[in-house]
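> I'd like to ask you about the structure that follows.
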Amino acid sequence: MTDHPWVKEFPGTIIVCDSQGVLLEMNDWAAKQESERVAIGTNILDCHPEPARTKLKQMLAGGQLNVYTIEKNGRKLLIYQAPWYTEGKYAGFVEFELDIPESLPHFIR
């Protein structure tokens, strides 16, 4: 994925796509989770059913941040999808999928 070893084995999904939805990179965790759905060089739109596909098209077109939580296979997850840039120009999206612990402290600082 990158030259940074922490990314490869990070215990959460990291997926990077270009502005058209073509998958550019994914870490090992993502590859294990997504191996049957998507591969490097394929379009992530092809593995999303409606209405998620339409939402994803809008995000790709507009470069908007999208953050939400879901429950999947008994796991609570935080999904964080953010645009990335090259020299100030919108280039695509990075998605992080992270497990949310049962008990999550909240602090005001």
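To be explicit about the labels: the chains of the structure tokens are called A, B, and onward in the order shown, and within each one the residues are counted from 1, while ligands get numbers from 1 in the order they are shown.
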Quick one: everything within 10 Å of A:Tyr90, counting only C-alpha atoms, minus sequence neighbours fewer than 5 positions away in the same chain. Send it as number ranges by chain.
A: 18-19, 60-63, 83-85
> Can you spit out the residues from that selection as a PDB file, in the first residue's frame, using N, CA and C atoms?

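Final output, part.pdb:
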```pdb
ATOM      1  N   ASP A  18      -9.675   6.599  -6.533  1.00  0.00           N
ATOM      2  CA  ASP A  18      -9.550   7.871  -7.238  1.00  0.00           C
ATOM      3  C   ASP A  18     -10.922   8.540  -7.327  1.00  0.00           C
ATOM      4  N   SER A  19     -10.987   9.680  -7.987  1.00  0.00           N
ATOM      5  CA  SER A  19     -12.233  10.458  -8.031  1.00  0.00           C
ATOM      6  C   SER A  19     -13.328   9.807  -8.869  1.00  0.00           C
ATOM      7  N   LEU A  60     -18.360  11.016  -4.678  1.00  0.00           N
ATOM      8  CA  LEU A  60     -17.242  11.081  -5.621  1.00  0.00           C
ATOM      9  C   LEU A  60     -17.306  12.349  -6.466  1.00  0.00           C
ATOM     10  N   ALA A  61     -18.509  12.724  -6.867  1.00  0.00           N
ATOM     11  CA  ALA A  61     -18.676  13.916  -7.705  1.00  0.00           C
ATOM     12  C   ALA A  61     -18.387  15.197  -6.932  1.00  0.00           C
ATOM     13  N   GLY A  62     -18.790  15.226  -5.663  1.00  0.00           N
ATOM     14  CA  GLY A  62     -18.675  16.458  -4.901  1.00  0.00           C
ATOM     15  C   GLY A  62     -17.536  16.522  -3.904  1.00  0.00           C
ATOM     16  N   GLY A  63     -16.912  15.393  -3.623  1.00  0.00           N
ATOM     17  CA  GLY A  63     -15.808  15.368  -2.669  1.00  0.00           C
ATOM     18  C   GLY A  63     -16.203  15.708  -1.245  1.00  0.00           C
ATOM     19  N   PRO A  83     -12.369  12.974   1.446  1.00  0.00           N
ATOM     20  CA  PRO A  83     -11.653  13.232   0.201  1.00  0.00           C
ATOM     21  C   PRO A  83     -10.154  13.400   0.476  1.00  0.00           C
ATOM     22  N   TRP A  84      -9.339  13.038  -0.522  1.00  0.00           N
ATOM     23  CA  TRP A  84      -7.909  13.303  -0.445  1.00  0.00           C
ATOM     24  C   TRP A  84      -7.521  14.157  -1.648  1.00  0.00           C
ATOM     25  N   TYR A  85      -6.392  14.826  -1.520  1.00  0.00           N
ATOM     26  CA  TYR A  85      -5.983  15.824  -2.509  1.00  0.00           C
ATOM     27  C   TYR A  85      -4.528  15.634  -2.912  1.00  0.00           C
TER      28      TYR A  85
END
```
> Residues of chain A classed as strand (DSSP E) by DSSP on the backbone are to be reported as a count of residues only.
40
> Which residue is closest to A:Val67? Choose from A:Lys89, A:Leu45, A:Phe96, A:Ala39 and count only C-alpha atoms.
A:Phe96
> Give me, as a list in words, the residues of chain A that a backbone DSSP run labels helix (DSSP H, G or I).
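Listing helix (DSSP H, G or I) positions across chain A yields Pro5, Trp6, Val7, Lys8, Asp28, Trp29, Ala30, Ala31, Lys32, Gln33, Glu34, Ile44, Leu45, Asp46, Cys47, Ala52, Arg53, Thr54, Lys55, Leu56, Lys57, Gln58, Met59, Leu60, Ala61 and Gly62 of chain A.
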> I need the residue nearest A:Leu24 from this list: A:Val94, A:Met59, A:Glu102, A:Ala52. Use only C-alpha atoms for the distance.
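Among the listed residues, the smallest separation from A:Leu24 belongs to A:Val94.
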> Within 6 Å of A:Leu77, counting only C-alpha atoms, which residues qualify if same-chain residues fewer than 2 places away don't, as a PyMOL selection string?
chain A and resi 69-70+98-100
> Write out the residues from the selection above, keeping C-alpha atoms, as a short mmCIF file (atom, residue, chain, number, x, y, z; two decimals), in the first residue's frame.

```cif
data_model
loop_
_atom_site.label_atom_id
_atom_site.label_comp_id
_atom_site.auth_asym_id
_atom_site.auth_seq_id
_atom_site.Cartn_x
_atom_site.Cartn_y
_atom_site.Cartn_z
CA THR A 69 -21.74 4.14 12.19
CA ILE A 70 -23.13 0.73 11.27
CA LEU A 98 -12.88 0.96 12.55
CA ASP A 99 -14.36 -1.26 15.25
CA ILE A 100 -16.20 0.65 17.98
#
```
> Please provide as a PyMOL selection string all residues within 7 Å of stretch 2-16 of chain A, with the sequence filter that same-chain residues fewer than 5 positions apart are discarded (counting only C-alpha atoms).
chain A and resi 23-30+93-98
> Just write the chosen residues, C-alpha atoms, as a CSV table (one decimal), in the first residue's frame.

```csv
chain,number,residue,atom,x,y,z
A,23,LEU,CA,-9.6,1.3,-6.2
A,24,LEU,CA,-6.0,2.3,-5.9
A,25,GLU,CA,-4.8,0.8,-2.6
A,26,MET,CA,-6.0,-1.1,0.4
A,27,ASN,CA,-4.3,-2.4,3.5
A,28,ASP,CA,-4.1,-6.1,4.5
A,29,TRP,CA,-7.1,-5.8,6.8
A,30,ALA,CA,-9.2,-4.4,3.9
A,93,PHE,CA,-11.5,9.2,-1.3
A,94,VAL,CA,-9.9,7.4,1.6
A,95,GLU,CA,-12.2,5.2,3.7
A,96,PHE,CA,-11.4,4.0,7.2
A,97,GLU,CA,-13.6,1.3,8.8
A,98,LEU,CA,-12.9,1.0,12.5
```
> Ranking A:Gln33, A:Gly21, A:Gly88, A:Ser103 by minimum distance to A:Asn73 and counting only C-alpha atoms, which one comes first?
A:Gln33
> Would you mind reading off the distance between atom CA of A:Glu50 and atom CA of A:Leu65, one decimal, in Å?
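These two atoms are separated by 19.3 Å.
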